[in-house]
file start-v3.txt (compact mmCIF, C-alpha atoms)
# COMPACT_ATOMS: atom_id res chain seq x y z
CA MET L 1480 -36.06 31.64 -2.34
CA ARG L 1481 -36.91 31.12 1.33
CA VAL L 1482 -38.52 27.75 0.58
CA PHE L 1483 -35.64 26.81 -1.72
CA THR L 1484 -33.18 27.59 1.07
CA GLU L 1485 -35.07 25.76 3.80
CA GLU L 1486 -35.51 22.61 1.71
CA ARG L 1487 -31.73 22.47 1.35
CA ASP L 1488 -30.91 23.52 4.93
CA TRP L 1489 -28.78 26.30 3.49
CA GLY L 1490 -30.05 28.96 5.92
CA LYS L 1491 -26.94 28.47 8.05
CA PHE L 1492 -24.82 29.84 5.20
CA HIS L 1493 -27.01 32.89 4.69
CA ASP L 1494 -25.70 35.39 7.21
CA PRO L 1495 -25.74 38.91 5.74
CA LYS L 1496 -22.00 39.20 5.08
CA SER L 1497 -21.95 35.91 3.18
CA LEU L 1498 -25.01 36.92 1.16
CA ILE L 1499 -23.42 40.25 0.25
CA LEU L 1500 -20.30 38.40 -0.95
CA ALA L 1501 -22.57 36.17 -3.05
CA LEU L 1502 -24.28 39.26 -4.41
CA VAL L 1503 -20.86 40.73 -5.25
CA GLY L 1504 -20.00 37.54 -7.08
CA GLU L 1505 -23.08 37.82 -9.26
CA VAL L 1506 -22.58 41.53 -9.91
CA GLY L 1507 -19.07 40.58 -11.01
CA GLU L 1508 -20.43 38.05 -13.50
CA LEU L 1509 -22.79 40.70 -14.84
CA ALA L 1510 -19.91 43.16 -15.20
CA GLU L 1511 -17.83 40.60 -17.10
CA LEU L 1512 -20.52 40.29 -19.75
CA PHE L 1513 -20.33 44.02 -20.47
CA GLN L 1514 -16.71 44.93 -19.77
CA TRP L 1515 -15.37 44.96 -23.34
CA LEU L 1516 -18.55 45.95 -25.16
CA PRO L 1517 -18.55 49.43 -26.75
CA ALA L 1518 -20.56 51.66 -24.39
CA ASP L 1519 -22.80 52.97 -27.16
CA ASP L 1520 -23.50 49.54 -28.65
CA ALA L 1521 -24.20 47.52 -25.51
CA VAL L 1522 -28.00 47.75 -25.65
CA THR L 1523 -28.01 46.52 -29.25
CA ARG L 1524 -25.66 43.63 -28.59
CA VAL L 1525 -27.74 42.41 -25.68
CA ARG L 1526 -30.74 42.09 -28.02
CA ASN L 1527 -29.21 38.92 -29.45
CA GLU L 1528 -28.64 35.46 -28.05
CA PRO L 1529 -26.68 33.95 -26.46
CA LEU L 1530 -25.72 37.18 -24.72
CA ARG L 1531 -29.32 38.13 -23.98
CA GLY L 1532 -29.99 34.92 -22.06
CA ARG L 1533 -26.76 35.17 -20.11
CA VAL L 1534 -27.44 38.75 -19.06
CA GLY L 1535 -30.92 37.72 -17.94
CA GLU L 1536 -29.44 34.95 -15.82
CA GLU L 1537 -26.92 37.21 -14.13
CA LEU L 1538 -29.54 39.89 -13.46
CA ALA L 1539 -31.69 37.12 -11.98
CA ASP L 1540 -28.87 35.94 -9.73
CA VAL L 1541 -28.30 39.43 -8.40
CA LEU L 1542 -32.01 39.89 -7.70
CA ILE L 1543 -32.31 36.50 -6.02
CA TYR L 1544 -29.53 37.29 -3.53
CA MET L 1545 -30.99 40.77 -2.98
CA VAL L 1546 -34.37 39.30 -2.12
CA ARG L 1547 -32.82 36.68 0.13
CA LEU L 1548 -30.73 39.31 1.93
CA ALA L 1549 -33.78 41.51 2.47
CA ASP L 1550 -35.67 38.47 3.78
CA VAL L 1551 -32.94 37.58 6.27
CA LEU L 1552 -32.87 41.20 7.45
CA GLU L 1553 -36.68 41.42 7.49
CA ILE L 1554 -36.60 44.52 5.32
CA ASP L 1555 -39.41 45.19 2.84
CA LEU L 1556 -37.44 45.73 -0.34
CA ALA L 1557 -40.24 47.12 -2.51
CA ASP L 1558 -41.29 49.55 0.21
CA ALA L 1559 -37.68 50.68 0.72
CA ALA L 1560 -37.24 51.25 -3.02
CA LEU L 1561 -40.45 53.25 -3.36
CA ARG L 1562 -39.55 55.47 -0.44
CA LYS L 1563 -36.04 56.00 -1.78
CA LEU L 1564 -37.38 56.95 -5.18
CA GLN L 1565 -39.83 59.40 -3.59
CA GLY L 1566 -36.94 60.94 -1.66
CA SER L 1567 -34.87 61.29 -4.83
CA THR L 1568 -37.81 62.95 -6.59
CA THR L 1569 -37.75 65.65 -3.92
CA ARG L 1570 -33.98 65.92 -3.68
CA PHE L 1571 -33.45 66.28 -7.42
CA PRO L 1572 -36.13 68.70 -8.69
CA ALA L 1573 -36.54 68.07 -12.39
CA ASP L 1574 -36.38 71.76 -13.25
CA GLU L 1575 -33.02 72.19 -11.56
CA VAL L 1576 -31.13 69.09 -12.63
CA ARG L 1577 -32.51 68.43 -16.11
CA GLY L 1578 -29.89 67.06 -18.43
CA GLN L 1579 -26.99 67.32 -16.00
CA ALA L 1580 -25.10 64.33 -14.74
CA PRO L 1581 -26.50 63.63 -11.28
CA GLU L 1582 -24.06 64.35 -8.49
CA LYS L 1583 -23.47 61.28 -6.40
CA ALA L 1584 -25.83 61.85 -3.45
CA MET K 461 -37.69 54.94 -12.28
CA ARG K 462 -38.34 55.34 -15.99
CA VAL K 463 -40.56 58.38 -15.39
CA PHE K 464 -38.08 59.78 -12.89
CA THR K 465 -35.31 59.46 -15.48
CA GLU K 466 -37.28 60.95 -18.35
CA GLU K 467 -38.41 63.96 -16.32
CA ARG K 468 -34.76 64.78 -15.69
CA ASP K 469 -33.50 63.88 -19.17
CA TRP K 470 -31.02 61.51 -17.56
CA GLY K 471 -31.62 58.70 -20.04
CA LYS K 472 -28.50 59.73 -21.94
CA PHE K 473 -26.38 58.74 -18.92
CA HIS K 474 -28.05 55.34 -18.55
CA ASP K 475 -26.14 53.14 -20.94
CA PRO K 476 -25.67 49.65 -19.46
CA LYS K 477 -22.01 50.01 -18.48
CA SER K 478 -22.69 53.25 -16.62
CA LEU K 479 -25.66 51.70 -14.84
CA ILE K 480 -23.60 48.70 -13.78
CA LEU K 481 -20.96 51.05 -12.36
CA ALA K 482 -23.74 52.85 -10.47
CA LEU K 483 -24.98 49.48 -9.22
CA VAL K 484 -21.44 48.63 -8.11
CA GLY K 485 -21.29 51.92 -6.23
CA GLU K 486 -24.45 51.08 -4.31
CA VAL K 487 -23.35 47.52 -3.59
CA GLY K 488 -20.16 49.05 -2.23
CA GLU K 489 -22.13 51.29 0.14
CA LEU K 490 -24.10 48.26 1.30
CA ALA K 491 -20.87 46.34 1.90
CA GLU K 492 -19.44 49.20 3.95
CA LEU K 493 -22.34 49.02 6.37
CA PHE K 494 -21.54 45.38 7.13
CA GLN K 495 -17.78 45.12 6.73
CA TRP K 496 -16.75 45.31 10.39
CA LEU K 497 -19.85 43.75 11.96
CA PRO K 498 -19.36 40.33 13.57
CA ALA K 499 -20.75 37.80 11.08
CA ASP K 500 -22.95 36.11 13.65
CA ASP K 501 -24.36 39.33 15.06
CA ALA K 502 -25.13 41.22 11.88
CA VAL K 503 -28.83 40.33 11.72
CA THR K 504 -29.35 41.51 15.29
CA ARG K 505 -27.50 44.78 14.80
CA VAL K 506 -29.53 45.63 11.72
CA ARG K 507 -32.71 45.40 13.82
CA ASN K 508 -31.87 48.79 15.33
CA GLU K 509 -31.81 52.31 13.97
CA PRO K 510 -30.03 54.14 12.53
CA LEU K 511 -28.37 51.13 10.89
CA ARG K 512 -31.68 49.58 9.86
CA GLY K 513 -32.76 52.62 7.89
CA ARG K 514 -29.38 52.97 6.20
CA VAL K 515 -29.34 49.32 5.13
CA GLY K 516 -32.85 49.74 3.73
CA GLU K 517 -31.72 52.75 1.73
CA GLU K 518 -28.72 50.97 0.24
CA LEU K 519 -30.76 47.89 -0.63
CA ALA K 520 -33.23 50.25 -2.28
CA ASP K 521 -30.50 51.92 -4.31
CA VAL K 522 -29.22 48.58 -5.56
CA LEU K 523 -32.73 47.49 -6.54
CA ILE K 524 -33.47 50.79 -8.28
CA TYR K 525 -30.41 50.52 -10.52
CA MET K 526 -31.18 46.83 -11.17
CA VAL K 527 -34.70 47.70 -12.30
CA ARG K 528 -33.45 50.56 -14.44
CA LEU K 529 -30.80 48.35 -16.06
CA ALA K 530 -33.37 45.66 -16.82
CA ASP K 531 -35.66 48.32 -18.29
CA VAL K 532 -32.93 49.69 -20.56
CA LEU K 533 -32.13 46.16 -21.70
CA GLU K 534 -35.83 45.27 -22.06
CA ILE K 535 -35.38 42.22 -19.85
CA ASP K 536 -38.23 41.06 -17.61
CA LEU K 537 -36.46 40.86 -14.28
CA ALA K 538 -39.14 38.98 -12.34
CA ASP K 539 -39.52 36.42 -15.10
CA ALA K 540 -35.74 35.92 -15.32
CA ALA K 541 -35.51 35.42 -11.55
CA LEU K 542 -38.35 32.90 -11.46
CA ARG K 543 -36.84 30.88 -14.28
CA LYS K 544 -33.41 30.97 -12.66
CA LEU K 545 -34.83 29.77 -9.36
CA GLN K 546 -36.67 26.94 -11.12
CA GLY K 547 -33.42 25.94 -12.81
CA SER K 548 -31.59 25.93 -9.49
CA THR K 549 -34.32 23.78 -7.95
CA THR K 550 -33.57 21.14 -10.58
CA ARG K 551 -29.81 21.55 -10.54
CA PHE K 552 -29.53 21.25 -6.77
CA PRO K 553 -31.84 18.41 -5.69
CA ALA K 554 -32.65 18.94 -2.02
CA ASP K 555 -31.90 15.31 -1.13
CA GLU K 556 -28.40 15.47 -2.56
CA VAL K 557 -27.18 18.85 -1.37
CA ARG K 558 -28.91 19.23 1.99
CA GLY K 559 -26.75 21.04 4.51
CA GLN K 560 -23.69 21.32 2.29
CA ALA K 561 -22.27 24.62 1.14
CA PRO K 562 -23.49 25.07 -2.42
CA GLU K 563 -20.76 24.80 -5.00
CA LYS K 564 -20.52 27.95 -7.03
CA ALA K 565 -22.53 27.06 -10.16
CA MET X 563 -0.51 48.48 6.69
CA ARG X 564 0.41 45.66 9.07
CA VAL X 565 2.02 48.09 11.51
CA PHE X 566 -0.89 50.52 11.14
CA THR X 567 -3.31 47.70 11.97
CA GLU X 568 -1.37 46.38 14.94
CA GLU X 569 -0.94 49.80 16.51
CA ARG X 570 -4.74 50.15 16.50
CA ASP X 571 -5.50 46.55 17.50
CA TRP X 572 -7.68 46.28 14.40
CA GLY X 573 -6.40 42.84 13.41
CA LYS X 574 -9.45 41.25 14.98
CA PHE X 575 -11.64 42.93 12.36
CA HIS X 576 -9.47 41.78 9.47
CA ASP X 577 -10.77 38.32 8.69
CA PRO X 578 -10.78 37.70 4.93
CA LYS X 579 -14.53 38.08 4.39
CA SER X 580 -14.58 41.43 6.18
CA LEU X 581 -11.56 42.63 4.22
CA ILE X 582 -13.19 41.65 0.93
CA LEU X 583 -16.30 43.61 1.92
CA ALA X 584 -14.05 46.59 2.68
CA LEU X 585 -12.38 46.12 -0.71
CA VAL X 586 -15.82 46.04 -2.35
CA GLY X 587 -16.69 49.28 -0.58
CA GLU X 588 -13.62 51.00 -2.01
CA VAL X 589 -14.17 49.60 -5.50
CA GLY X 590 -17.68 51.00 -5.22
CA GLU X 591 -16.34 54.46 -4.41
CA LEU X 592 -14.01 54.21 -7.40
CA ALA X 593 -16.92 53.20 -9.64
CA GLU X 594 -19.01 56.15 -8.44
CA LEU X 595 -16.35 58.59 -9.62
CA PHE X 596 -16.59 57.23 -13.16
CA GLN X 597 -20.20 56.14 -13.52
CA TRP X 598 -21.60 59.14 -15.40
CA LEU X 599 -18.43 60.19 -17.25
CA PRO X 600 -18.49 59.71 -21.04
CA ALA X 601 -16.47 56.56 -21.72
CA ASP X 602 -14.27 58.23 -24.32
CA ASP X 603 -13.56 61.30 -22.22
CA ALA X 604 -12.81 59.71 -18.85
CA VAL X 605 -9.01 59.74 -19.17
CA THR X 606 -9.03 63.45 -20.03
CA ARG X 607 -11.35 64.38 -17.18
CA VAL X 608 -9.21 62.57 -14.65
CA ARG X 609 -6.24 64.75 -15.67
CA ASN X 610 -7.75 67.62 -13.68
CA GLU X 611 -8.28 68.26 -10.00
CA PRO X 612 -10.22 67.69 -7.86
CA LEU X 613 -11.18 64.49 -9.67
CA ARG X 614 -7.57 63.38 -10.13
CA GLY X 615 -6.86 63.45 -6.41
CA ARG X 616 -10.06 61.63 -5.53
CA VAL X 617 -9.40 58.86 -8.05
CA GLY X 618 -5.90 58.48 -6.63
CA GLU X 619 -7.32 58.14 -3.14
CA GLU X 620 -9.83 55.49 -4.13
CA LEU X 621 -7.24 53.52 -6.08
CA ALA X 622 -5.05 53.75 -2.99
CA ASP X 623 -7.82 52.44 -0.74
CA VAL X 624 -8.41 49.46 -3.01
CA LEU X 625 -4.69 48.66 -3.09
CA ILE X 626 -4.35 49.01 0.68
CA TYR X 627 -7.09 46.47 1.36
CA MET X 628 -5.67 44.17 -1.33
CA VAL X 629 -2.25 44.25 0.33
CA ARG X 630 -3.76 43.69 3.76
CA LEU X 631 -5.84 40.76 2.51
CA ALA X 632 -2.80 39.17 0.89
CA ASP X 633 -0.86 39.68 4.12
CA VAL X 634 -3.56 38.00 6.23
CA LEU X 635 -3.65 35.09 3.78
CA GLU X 636 0.17 34.96 3.56
CA ILE X 637 0.03 35.19 -0.22
CA ASP X 638 2.81 36.96 -2.13
CA LEU X 639 0.79 39.37 -4.23
CA ALA X 640 3.56 40.49 -6.59
CA ASP X 641 4.61 36.91 -7.25
CA ALA X 642 1.01 35.85 -7.90
CA ALA X 643 0.51 38.73 -10.34
CA LEU X 644 3.71 38.00 -12.25
CA ARG X 645 2.83 34.34 -12.59
CA LYS X 646 -0.70 35.17 -13.70
CA LEU X 647 0.58 37.56 -16.33
CA GLN X 648 3.03 34.95 -17.59
CA GLY X 649 0.16 32.47 -17.83
CA SER X 650 -1.94 34.96 -19.79
CA THR X 651 0.95 35.61 -22.15
CA THR X 652 0.91 31.92 -23.05
CA ARG X 653 -2.86 31.53 -23.08
CA PHE X 654 -3.44 34.51 -25.37
CA PRO X 655 -0.80 34.34 -28.12
CA ALA X 656 -0.43 37.83 -29.53
CA ASP X 657 -0.64 36.62 -33.13
CA GLU X 658 -3.98 34.91 -32.56
CA VAL X 659 -5.85 37.45 -30.47
CA ARG X 660 -4.52 40.75 -31.78
CA GLY X 661 -7.16 43.44 -31.79
CA GLN X 662 -10.03 41.20 -30.68
CA ALA X 663 -11.87 41.68 -27.43
CA PRO X 664 -10.44 39.10 -25.05
CA GLU X 665 -12.87 36.35 -24.17
CA LYS X 666 -13.42 36.16 -20.45
CA ALA X 667 -11.06 33.36 -19.41
CA MET F 1318 0.81 44.64 -18.36
CA ARG F 1319 1.41 47.60 -20.66
CA VAL F 1320 3.62 45.52 -22.95
CA PHE F 1321 1.15 42.61 -22.79
CA THR F 1322 -1.65 44.97 -23.85
CA GLU F 1323 0.27 46.65 -26.66
CA GLU F 1324 1.41 43.35 -28.15
CA ARG F 1325 -2.25 42.35 -28.46
CA ASP F 1326 -3.54 45.76 -29.52
CA TRP F 1327 -5.98 45.62 -26.62
CA GLY F 1328 -5.40 49.22 -25.57
CA LYS F 1329 -8.56 50.26 -27.38
CA PHE F 1330 -10.61 48.20 -24.92
CA HIS F 1331 -8.91 49.69 -21.88
CA ASP F 1332 -10.84 52.87 -21.23
CA PRO F 1333 -11.27 53.45 -17.48
CA LYS F 1334 -14.92 52.41 -17.22
CA SER F 1335 -14.24 49.12 -18.99
CA LEU F 1336 -11.22 48.45 -16.79
CA ILE F 1337 -13.25 49.12 -13.65
CA LEU F 1338 -15.89 46.65 -14.86
CA ALA F 1339 -13.11 44.11 -15.43
CA LEU F 1340 -11.81 44.83 -11.93
CA VAL F 1341 -15.33 44.31 -10.56
CA GLY F 1342 -15.49 40.99 -12.36
CA GLU F 1343 -12.29 39.81 -10.70
CA VAL F 1344 -13.34 41.07 -7.27
CA GLY F 1345 -16.53 39.07 -7.81
CA GLU F 1346 -14.55 35.91 -8.49
CA LEU F 1347 -12.54 36.54 -5.34
CA ALA F 1348 -15.75 37.00 -3.33
CA GLU F 1349 -17.18 33.75 -4.67
CA LEU F 1350 -14.24 31.80 -3.28
CA PHE F 1351 -15.00 33.07 0.22
CA GLN F 1352 -18.77 33.52 0.29
CA TRP F 1353 -19.75 30.29 2.06
CA LEU F 1354 -16.61 29.81 4.17
CA PRO F 1355 -17.06 30.24 7.95
CA ALA F 1356 -15.68 33.71 8.76
CA ASP F 1357 -13.42 32.42 11.53
CA ASP F 1358 -12.03 29.53 9.50
CA ALA F 1359 -11.31 31.25 6.20
CA VAL F 1360 -7.60 31.89 6.83
CA THR F 1361 -7.05 28.23 7.70
CA ARG F 1362 -8.93 26.91 4.69
CA VAL F 1363 -6.95 29.10 2.32
CA ARG F 1364 -3.74 27.46 3.58
CA ASN F 1365 -4.58 24.39 1.51
CA GLU F 1366 -4.69 23.69 -2.21
CA PRO F 1367 -6.51 23.93 -4.50
CA LEU F 1368 -8.16 26.90 -2.78
CA ARG F 1369 -4.85 28.63 -2.05
CA GLY F 1370 -3.83 28.69 -5.69
CA ARG F 1371 -7.23 29.93 -6.84
CA VAL F 1372 -7.25 32.75 -4.30
CA GLY F 1373 -3.77 33.75 -5.44
CA GLU F 1374 -4.96 33.87 -9.03
CA GLU F 1375 -7.97 36.04 -8.26
CA LEU F 1376 -5.91 38.42 -6.13
CA ALA F 1377 -3.47 38.60 -9.03
CA ASP F 1378 -6.25 39.43 -11.49
CA VAL F 1379 -7.52 42.24 -9.29
CA LEU F 1380 -4.02 43.67 -8.94
CA ILE F 1381 -3.33 43.41 -12.65
CA TYR F 1382 -6.41 45.43 -13.56
CA MET F 1383 -5.61 47.93 -10.80
CA VAL F 1384 -2.13 48.47 -12.18
CA ARG F 1385 -3.43 48.76 -15.71
CA LEU F 1386 -6.08 51.28 -14.66
CA ALA F 1387 -3.50 53.37 -12.81
CA ASP F 1388 -1.25 53.23 -15.88
CA VAL F 1389 -4.02 54.41 -18.20
CA LEU F 1390 -4.81 57.24 -15.79
CA GLU F 1391 -1.11 58.05 -15.28
CA ILE F 1392 -1.50 57.78 -11.51
CA ASP F 1393 1.39 56.51 -9.38
CA LEU F 1394 -0.34 53.76 -7.42
CA ALA F 1395 2.38 53.14 -4.85
CA ASP F 1396 2.74 56.84 -4.14
CA ALA F 1397 -1.04 57.25 -3.79
CA ALA F 1398 -1.21 54.33 -1.36
CA LEU F 1399 1.64 55.59 0.79
CA ARG F 1400 0.11 59.04 1.02
CA LYS F 1401 -3.30 57.59 1.86
CA LEU F 1402 -1.82 55.44 4.60
CA GLN F 1403 0.02 58.44 6.04
CA GLY F 1404 -3.25 60.37 6.04
CA SER F 1405 -5.03 57.53 7.85
CA THR F 1406 -2.26 57.39 10.44
CA THR F 1407 -3.02 61.01 11.31
CA ARG F 1408 -6.79 60.72 11.03
CA PHE F 1409 -7.02 57.67 13.28
CA PRO F 1410 -4.69 58.29 16.23
CA ALA F 1411 -3.83 54.90 17.71
CA ASP F 1412 -4.52 56.04 21.26
CA GLU F 1413 -8.05 57.13 20.42
CA VAL F 1414 -9.29 54.33 18.20
CA ARG F 1415 -7.50 51.29 19.62
CA GLY F 1416 -9.64 48.18 19.44
CA GLN F 1417 -12.74 49.89 18.10
CA ALA F 1418 -14.22 49.10 14.72
CA PRO F 1419 -13.06 51.90 12.43
CA GLU F 1420 -15.82 54.21 11.32
CA LYS F 1421 -16.08 54.27 7.58
CA ALA F 1422 -14.11 57.40 6.64
call {"tool": "encode", "arguments": {"input": "start-v3.txt", "output": "structure tokens"}}
result
Amino acid sequence: MRVFTEERDWGKFHDPKSLILALVGEVGELAELFQWLPADDAVTRVRNEPLRGRVGEELADVLIYMVRLADVLEIDLADAALRKLQGSTTRFPADEVRGQAPEKA
Amino acid sequence: MRVFTEERDWGKFHDPKSLILALVGEVGELAELFQWLPADDAVTRVRNEPLRGRVGEELADVLIYMVRLADVLEIDLADAALRKLQGSTTRFPADEVRGQAPEKA
Amino acid sequence: MRVFTEERDWGKFHDPKSLILALVGEVGELAELFQWLPADDAVTRVRNEPLRGRVGEELADVLIYMVRLADVLEIDLADAALRKLQGSTTRFPADEVRGQAPEKA
Amino acid sequence: MRVFTEERDWGKFHDPKSLILALVGEVGELAELFQWLPADDAVTRVRNEPLRGRVGEELADVLIYMVRLADVLEIDLADAALRKLQGSTTRFPADEVRGQAPEKA
């Protein structure tokens, strides 16, 4: 993504606020694909094309802007995610929270 | 994330629409950290704590829900992103688009 | 909202991109209140406090930033909504689309 | 919006989680219109067509789903917004916060 951006001289557009708006745009496209699907049938419906391919594309777009944003901010995304998940493992002991809707932390 | 979810029996909450809403919640928290920062000073401000750590945490949360959503949908996120980026490389030839704001595709 | 902003000299923060990020933040808080609720029980659960009050507050926050954004852009929000709804009435004839999930337009 | 929905028998799609996803979709479209605009030139650019009309349409779509969501939840949106704004007036005394970026409340 960094090479792609530099080859097009698009770095000047990629300040963090603009990238977050782009990310929001892609999350919005992802949401639109699911908005009217029955909640309990969504996984099944996404097994079939053309929906499957479209969902993959929107997930890809979200990830691409995430990675670009992390790059611009010089944040190691994988490291941040691993540490966050370790923190959640401690904060939500399995024995205490099993089966209950997680409180928004 | 899959193990974390299974240990807590939270899989029943992780239908795609619910996960997208959770993703939206985390994107919202990310947006809040940047909303009033000057656009041209955001990168610099995020170099310092405590903002840097908080941004890392919110990016992590977004990624974690992305990965979980892809897992539930059995979509290979890295593969989807690589293919999308290859498609964009073709669709936006560097010689034609250099330096111009990309049209929303 | 305009008076509130001027009294605090906050107008300088209210460029459109910043306001949209603020709007995204509030939509995220709204999403978090619903993310783990069963889809078919959400209306009932929101009948009771404290959830009812919190949902009202988040809806209010979204509306407030919407109104402020429209004000900054000098767009008549009510007029725009009425015209959009009239357009949708024409574009989706009731006899043709009755009972079918609306295609994303 | 209520009449529009009933005439099409679309009420069955309008559970709160689905409506929030639809709202997210429209917020995403709004974000896309602004993502690559220079922050300090966005107001000026939106003065001209065709951008002005498109922004009006996306703002309208967000408002329409907001109103529909409030209707489904039987929440008085205008009342909620007025009360929230009154609360903010108290919580952020003008003399204390003038000219400073508001802390996320």
call {"tool": "residues_around", "arguments": {"input": "start-v3.txt", "residues": "Trp598 of chain X", "least_positions_apart": "2", "cutoff": "10 Å", "atoms": "only C-alpha atoms", "output": "number ranges by chain"}}
result
L: 1579-1583; K: 470, 472-475, 477-479, 481-482; X: 593-596, 600-601, 604; F: 1334
call {"tool": "write_last_selection", "arguments": {"input": "start-v3.txt", "atoms": "C-alpha atoms", "output": "mmCIF file, in the coordinates of the input"}}
result
data_model
loop_
_atom_site.group_PDB
_atom_site.id
_atom_site.type_symbol
_atom_site.label_atom_id
_atom_site.label_comp_id
_atom_site.auth_asym_id
_atom_site.auth_seq_id
_atom_site.Cartn_x
_atom_site.Cartn_y
_atom_site.Cartn_z
ATOM 1 C CA GLN L 1579 -26.990 67.320 -16.000
ATOM 2 C CA ALA L 1580 -25.100 64.330 -14.740
ATOM 3 C CA PRO L 1581 -26.500 63.630 -11.280
ATOM 4 C CA GLU L 1582 -24.060 64.350 -8.490
ATOM 5 C CA LYS L 1583 -23.470 61.280 -6.400
ATOM 6 C CA TRP K 470 -31.020 61.510 -17.560
ATOM 7 C CA LYS K 472 -28.500 59.730 -21.940
ATOM 8 C CA PHE K 473 -26.380 58.740 -18.920
ATOM 9 C CA HIS K 474 -28.050 55.340 -18.550
ATOM 10 C CA ASP K 475 -26.140 53.140 -20.940
ATOM 11 C CA LYS K 477 -22.010 50.010 -18.480
ATOM 12 C CA SER K 478 -22.690 53.250 -16.620
ATOM 13 C CA LEU K 479 -25.660 51.700 -14.840
ATOM 14 C CA LEU K 481 -20.960 51.050 -12.360
ATOM 15 C CA ALA K 482 -23.740 52.850 -10.470
ATOM 16 C CA ALA X 593 -16.920 53.200 -9.640
ATOM 17 C CA GLU X 594 -19.010 56.150 -8.440
ATOM 18 C CA LEU X 595 -16.350 58.590 -9.620
ATOM 19 C CA PHE X 596 -16.590 57.230 -13.160
ATOM 20 C CA PRO X 600 -18.490 59.710 -21.040
ATOM 21 C CA ALA X 601 -16.470 56.560 -21.720
ATOM 22 C CA ALA X 604 -12.810 59.710 -18.850
ATOM 23 C CA LYS F 1334 -14.920 52.410 -17.220
#
call {"tool": "atom_distance", "arguments": {"input": "start-v3.txt", "atom1": "atom CA of Glu1485 of chain L", "atom2": "atom CA of Tyr525 of chain K"}}
result
29.0 Å
call {"tool": "residues_around", "arguments": {"input": "start-v3.txt", "residues": "segment 1557-1562 of chain L", "least_positions_apart": "4", "cutoff": "8 Å", "atoms": "all atoms listed in the file", "output": "PyMOL selection string"}}
result
(chain L and resi 1566) or (chain K and resi 516-517+519-521+523-524)
call {"tool": "atom_distance", "arguments": {"input": "start-v3.txt", "atom1": "atom CA of Leu490 of chain K", "atom2": "atom CA of Glu509 of chain K"}}
result
15.4 Å
call {"tool": "atom_distance", "arguments": {"input": "start-v3.txt", "atom1": "atom CA of Val1379 of chain F", "atom2": "atom CA of Lys646 of chain X"}}
result
10.8 Å
